[in-house]
Amino acid sequence: MSGEDTLVDEGLLLLLVGAILGASIVVALGAARTGLPVLVAFLGLGMLLGSDGPGGIEFDDAKLAREVGIVGLALILYEGGLQTSWRRLREVAVPAALLSTVGVIVSALVTGVAARALFDLSWLEAILLGAVVSSTDAAAVFATLRFTHIRRRLARTLEAESGGNDPMAIALTLGLIAWIERPNSYGVDDLALLVVRQIGLGLVVGVALGAIAAWVFSRIPQSIGAFAPVASVAAAALSFGAADVVGGSGFLAVYLVGLAVGSTPSRYRRHLVAFHEGIAFVAQVALFVVLGLLVFPKDLPDVAIAGLALAALLMVVARPAAVWTSTAVADYTHRDRLLLGWAGLRGAVPIVLATFVLSSDVPHKETIFNAVFFVVVVSTIVQGTTLEWVARRLGLISPAPPVHEAPLEVGPLSKLDLVDFAVAGDHAVNGSAVRALGLPRDSLIAVINRDGESIPPRGSTVVQAGDRLFVLVPRTVRADLEDVFSRWRRRV
C-alpha cells in the first residue's frame, strides 16, 4: 500500500469519526427536546450506523469493542470521582460500600435465578448474566442526578454506590467467565480469591496513588497550569494501569484517584471538571454507539419477551432485594429504600461487561449479550425518566434553590474562591447569627442574597431560610469549608 493510499484511509477514518461525533451532538439535542434519554439515543444511532441499518458499517469485533469499553468506562469513572468529594461521601460510606459489595452479589444471584428460568442457560451462565447487569451505572446515575433534586443523602448514596460497585461486578464477571471456560480447574474458591484480590489491590493502589495525585495537584505552579488536564489524564491512566498490572481492579483505582483529585483544593479543579465532562461525553458516545453496532436487530425478536421480563424482574425484585439486604442496619426509612431500589439504573457498565462475555468462549454468549441490550434500554427509559417523579411521590425531593447571579467575582489569579450556600428551613444554620457560623480561618461571608437583594452582613445579622450566603474562602482551606457546610445542613 502506498503512502498516498494510507493518507486516504486515515482521512476517511477521521471523516467517519467526525461525522459520528457530529451526529451524536444532533442526536443529543433531539433527545433533550423530546425527553428521550440521551444514552438510548446514542444506542439508536449505533444501530442505524450498523450493518442492519442504513449506515451499513460492518462491525463484529468483540475484542476491540471490549478495549473501547474499558477505556471509556475508566474515563467515566474518573470523571465521576472528580465531580465528587470525599467529604460529601463520608456520611454514606458504609451503606454505599455494602450496596457495592453485598448488594451486587444479591442482585447477581436473584437475577441469575430469573435468567435460568427465562433463558436456555446453565446455572453458571445464568449467574454470569446476573453479574453482568448487577451494578448500577456511573454514567447514567451521574447524568440523571445532575438534573434531579433528590434529597442530598440519597443522592450521595447513589453517587458513591455507582462509582464503587463496578469493580465488584467486573470481578464477578471475569471469575464466572473463567469458571465456565475451565470448569474442571476453576471453582468457587478461585472466584472468591479473584474478587478479594481485585478489590483489595485496587483499593491499595487507588489510595496510594490518590494521595500522590492530591499532593501534586495542590502544588502545580501557575506557570504550567495549562498542562493540568494532561497531568489529570496521566493520573487516570497510571492509576488504572498500575492496579491492572498487579492484578487489582483498575476501575476501583481510577475512581479513587479521581475522588482524591476532586477532593483536593486547587485553582484548576473547575477547569479539570469541565475538561473531563467533555471526555466522559465522548466516552459515552463511543460505548453506546459500539453497542449499537454490535446489536443485530434481526436477532432480537428471539429473546425479546424473555429480555423484557428479565429487565422487569431486575427492577422490581432483584434490585429492591439487594437494597433491603444491604441497608438492613442503616437508618434509612422504607421510603428511602423504595427510592434506592428504583434508582438502580443500568447503562455503560453492563455494556462493557457484555463485550467481555462476547469476546469469550462462553457457549451462549450471544443470548447473554442480547439480553443485556433489553435490560439497558428498559432501565434507561423506564427508571431514568421516572426517577424524579417517583422521588416526588415519595416526598424525597428537596426544593431547588433559586438561582442568583453572584454579586461579585473572583478573578482566576486570586488565591480566594467564592462559594455560595443556599439556606433551607430545616438547616441547622437557619436562625444563627453570622458571628456564630464557625467559618474556617481567613474566611468570611462577603454578602447575603435575600429576596433578590444583596445585604452586607454584620456579626449580628441573623441567617434566614431562603438566604444565599456567598463565602470568600482561601483555596488552601476550601476543604474545611465543606465540613462547615455539612454542619450547616444538619436537620433541626
# chains A, B, ... in the order shown; residues from 1 in each chain; ligands from 1

call {"tool": "residues_around", "arguments": {"residues": "A:Val316", "least_positions_apart": "3", "cutoff": "10 Å", "atoms": "only C-alpha atoms", "output": "PyMOL selection string"}}
result
chain A and resi 311-313+319-321+338+341-342

call {"tool": "write_last_selection", "arguments": {"atoms": "C-alpha atoms", "output": "mmCIF file, in the first residue's frame"}}
result
data_model
loop_
_atom_site.group_PDB
_atom_site.id
_atom_site.type_symbol
_atom_site.label_atom_id
_atom_site.label_comp_id
_atom_site.auth_asym_id
_atom_site.auth_seq_id
_atom_site.Cartn_x
_atom_site.Cartn_y
_atom_site.Cartn_z
ATOM 1 C CA ALA A 311 -35.465 -6.311 32.851
ATOM 2 C CA ALA A 312 -38.752 -6.042 34.751
ATOM 3 C CA LEU A 313 -37.712 -8.616 37.349
ATOM 4 C CA ARG A 319 -32.618 -4.524 42.835
ATOM 5 C CA PRO A 320 -35.041 -3.959 45.765
ATOM 6 C CA ALA A 321 -33.841 -7.220 47.349
ATOM 7 C CA LEU A 338 -38.011 2.259 47.828
ATOM 8 C CA GLY A 341 -34.422 0.341 44.791
ATOM 9 C CA TRP A 342 -35.937 2.220 41.881
#

call {"tool": "residues_around", "arguments": {"residues": "stretch 65-79 of chain A", "least_positions_apart": "6", "cutoff": "7 Å", "atoms": "only C-alpha atoms", "output": "PyMOL selection string"}}
result
chain A and resi 138-139+163+236+251+254-255+258+276-277+280+283-284+287+290+352+355-356

call {"tool": "atom_distance", "arguments": {"atom1": "atom CA of A:Asp467", "atom2": "atom CA of A:Val429"}}
result
10.6 Å

call {"tool": "closest_atom_pairs", "arguments": {"of": "stretch 245-363 of chain A", "to": "stretch 190-198 of chain A", "cutoff": "8 Å", "atoms": "only C-alpha atoms", "output": "CSV"}}
result
residue,atom,partner,partner_atom,distance
A:Gly247,CA,A:Gln198,CA,6.3
A:Gly248,CA,A:Gln198,CA,4.0
A:Ser249,CA,A:Gln198,CA,4.7

call {"tool": "select_by_dssp", "arguments": {"residues": "stretch 16-161 of chain A", "states": "helix (DSSP H, G or I)", "output": "count of residues only"}}
result
113

call {"tool": "residues_around", "arguments": {"residues": "stretch 115-126 of chain A", "least_positions_apart": "4", "cutoff": "12 Å", "atoms": "only C-alpha atoms", "output": "VMD selection string"}}
result
chain A and resid 107 to 111 130 to 133 172 to 173 175 to 183 187 to 188 302 to 314 318 357 361 to 372 375

call {"tool": "write_last_selection", "arguments": {"atoms": "N, CA and C atoms", "output": "short mmCIF file (atom, residue, chain, number, x, y, z; two decimals), in the first residue's frame"}}
result
data_model
loop_
_atom_site.label_atom_id
_atom_site.label_comp_id
_atom_site.auth_asym_id
_atom_site.auth_seq_id
_atom_site.Cartn_x
_atom_site.Cartn_y
_atom_site.Cartn_z
N SER A 107 -27.98 -9.08 43.96
CA SER A 107 -28.59 -8.77 42.68
C SER A 107 -28.21 -9.81 41.62
N ALA A 108 -26.93 -10.21 41.60
CA ALA A 108 -26.47 -11.20 40.62
C ALA A 108 -27.15 -12.54 40.84
N LEU A 109 -27.29 -12.96 42.09
CA LEU A 109 -27.89 -14.27 42.37
C LEU A 109 -29.39 -14.28 42.05
N VAL A 110 -30.10 -13.23 42.49
CA VAL A 110 -31.55 -13.19 42.22
C VAL A 110 -31.82 -13.09 40.72
N THR A 111 -31.07 -12.24 40.04
CA THR A 111 -31.23 -12.11 38.59
C THR A 111 -30.84 -13.41 37.89
N GLY A 130 -26.56 -12.46 35.44
CA GLY A 130 -26.91 -11.65 36.60
C GLY A 130 -25.78 -10.75 37.04
N ALA A 131 -24.53 -11.26 36.99
CA ALA A 131 -23.38 -10.44 37.36
C ALA A 131 -23.16 -9.29 36.39
N VAL A 132 -23.36 -9.55 35.11
CA VAL A 132 -23.15 -8.51 34.09
C VAL A 132 -24.07 -7.31 34.32
N VAL A 133 -25.30 -7.57 34.75
CA VAL A 133 -26.27 -6.47 34.94
C VAL A 133 -26.46 -6.11 36.42
N LEU A 172 -16.68 -10.35 39.49
CA LEU A 172 -17.58 -11.50 39.39
C LEU A 172 -17.70 -11.98 37.95
N THR A 173 -17.81 -11.04 37.03
CA THR A 173 -17.94 -11.39 35.61
C THR A 173 -16.70 -12.14 35.12
N GLY A 175 -14.45 -13.76 36.88
CA GLY A 175 -14.34 -15.05 37.54
C GLY A 175 -15.31 -16.08 36.99
N LEU A 176 -16.54 -15.67 36.73
CA LEU A 176 -17.54 -16.60 36.21
C LEU A 176 -17.21 -17.02 34.78
N ILE A 177 -16.68 -16.09 33.98
CA ILE A 177 -16.24 -16.46 32.62
C ILE A 177 -15.15 -17.52 32.70
N ALA A 178 -14.17 -17.29 33.58
CA ALA A 178 -13.09 -18.27 33.74
C ALA A 178 -13.63 -19.62 34.22
N TRP A 179 -14.59 -19.59 35.12
CA TRP A 179 -15.19 -20.83 35.64
C TRP A 179 -15.90 -21.60 34.53
N ILE A 180 -16.63 -20.89 33.67
CA ILE A 180 -17.34 -21.54 32.57
C ILE A 180 -16.37 -22.10 31.54
N GLU A 181 -15.30 -21.35 31.26
CA GLU A 181 -14.33 -21.79 30.25
C GLU A 181 -13.46 -22.93 30.77
N ARG A 182 -13.23 -23.00 32.10
CA ARG A 182 -12.36 -24.04 32.68
C ARG A 182 -13.08 -24.72 33.84
N PRO A 183 -14.15 -25.44 33.56
CA PRO A 183 -14.97 -26.00 34.65
C PRO A 183 -14.24 -27.02 35.51
N GLY A 187 -13.03 -23.02 40.41
CA GLY A 187 -14.16 -23.23 41.30
C GLY A 187 -14.50 -21.99 42.10
N VAL A 188 -15.37 -22.16 43.08
CA VAL A 188 -15.86 -21.02 43.85
C VAL A 188 -14.74 -20.39 44.67
N ASP A 302 -35.96 -13.09 19.01
CA ASP A 302 -35.90 -14.40 19.66
C ASP A 302 -35.79 -14.30 21.18
N VAL A 303 -35.23 -13.19 21.66
CA VAL A 303 -35.05 -13.05 23.11
C VAL A 303 -35.83 -11.86 23.66
N ALA A 304 -36.69 -11.26 22.85
CA ALA A 304 -37.37 -10.02 23.25
C ALA A 304 -38.24 -10.22 24.49
N ILE A 305 -39.10 -11.22 24.47
CA ILE A 305 -40.04 -11.41 25.59
C ILE A 305 -39.28 -11.75 26.86
N ALA A 306 -38.34 -12.68 26.75
CA ALA A 306 -37.56 -13.06 27.93
C ALA A 306 -36.69 -11.90 28.41
N GLY A 307 -36.15 -11.13 27.47
CA GLY A 307 -35.31 -9.99 27.84
C GLY A 307 -36.09 -8.92 28.57
N LEU A 308 -37.30 -8.63 28.08
CA LEU A 308 -38.14 -7.64 28.75
C LEU A 308 -38.57 -8.13 30.14
N ALA A 309 -38.87 -9.43 30.24
CA ALA A 309 -39.24 -9.99 31.54
C ALA A 309 -38.07 -9.91 32.52
N LEU A 310 -36.87 -10.19 32.04
CA LEU A 310 -35.70 -10.11 32.91
C LEU A 310 -35.48 -8.68 33.38
N ALA A 311 -35.63 -7.71 32.47
CA ALA A 311 -35.47 -6.31 32.85
C ALA A 311 -36.47 -5.91 33.92
N ALA A 312 -37.72 -6.37 33.77
CA ALA A 312 -38.75 -6.04 34.75
C ALA A 312 -38.45 -6.68 36.11
N LEU A 313 -38.04 -7.94 36.10
CA LEU A 313 -37.71 -8.62 37.35
C LEU A 313 -36.51 -7.99 38.04
N LEU A 314 -35.55 -7.54 37.26
CA LEU A 314 -34.39 -6.88 37.84
C LEU A 314 -34.80 -5.59 38.55
N ALA A 318 -35.01 -7.98 41.96
CA ALA A 318 -33.59 -8.16 42.27
C ALA A 318 -32.98 -6.91 42.91
N VAL A 357 -18.09 -10.86 27.81
CA VAL A 357 -18.71 -12.16 27.54
C VAL A 357 -18.63 -12.48 26.05
N ASP A 361 -15.30 -17.52 25.38
CA ASP A 361 -15.76 -18.79 24.83
C ASP A 361 -16.98 -19.32 25.56
N VAL A 362 -17.74 -18.44 26.18
CA VAL A 362 -18.98 -18.86 26.85
C VAL A 362 -19.97 -19.35 25.79
N PRO A 363 -20.58 -20.52 25.97
CA PRO A 363 -21.43 -21.11 24.92
C PRO A 363 -22.57 -20.22 24.41
N HIS A 364 -23.33 -19.62 25.31
CA HIS A 364 -24.50 -18.82 24.89
C HIS A 364 -24.22 -17.32 25.03
N LYS A 365 -23.06 -16.89 24.57
CA LYS A 365 -22.66 -15.50 24.76
C LYS A 365 -23.55 -14.52 23.98
N GLU A 366 -24.03 -14.91 22.79
CA GLU A 366 -24.90 -14.00 22.02
C GLU A 366 -26.23 -13.79 22.75
N THR A 367 -26.77 -14.84 23.35
CA THR A 367 -28.02 -14.71 24.12
C THR A 367 -27.83 -13.76 25.29
N ILE A 368 -26.71 -13.91 26.00
CA ILE A 368 -26.43 -13.02 27.14
C ILE A 368 -26.29 -11.58 26.66
N PHE A 369 -25.58 -11.37 25.56
CA PHE A 369 -25.38 -10.02 25.04
C PHE A 369 -26.72 -9.38 24.67
N ASN A 370 -27.57 -10.11 23.97
CA ASN A 370 -28.85 -9.56 23.55
C ASN A 370 -29.77 -9.30 24.75
N ALA A 371 -29.68 -10.14 25.78
CA ALA A 371 -30.48 -9.91 26.99
C ALA A 371 -30.03 -8.62 27.68
N VAL A 372 -28.72 -8.37 27.71
CA VAL A 372 -28.20 -7.13 28.30
C VAL A 372 -28.73 -5.92 27.55
N VAL A 375 -32.11 -5.13 28.95
CA VAL A 375 -32.02 -4.61 30.31
C VAL A 375 -31.60 -3.15 30.30
#
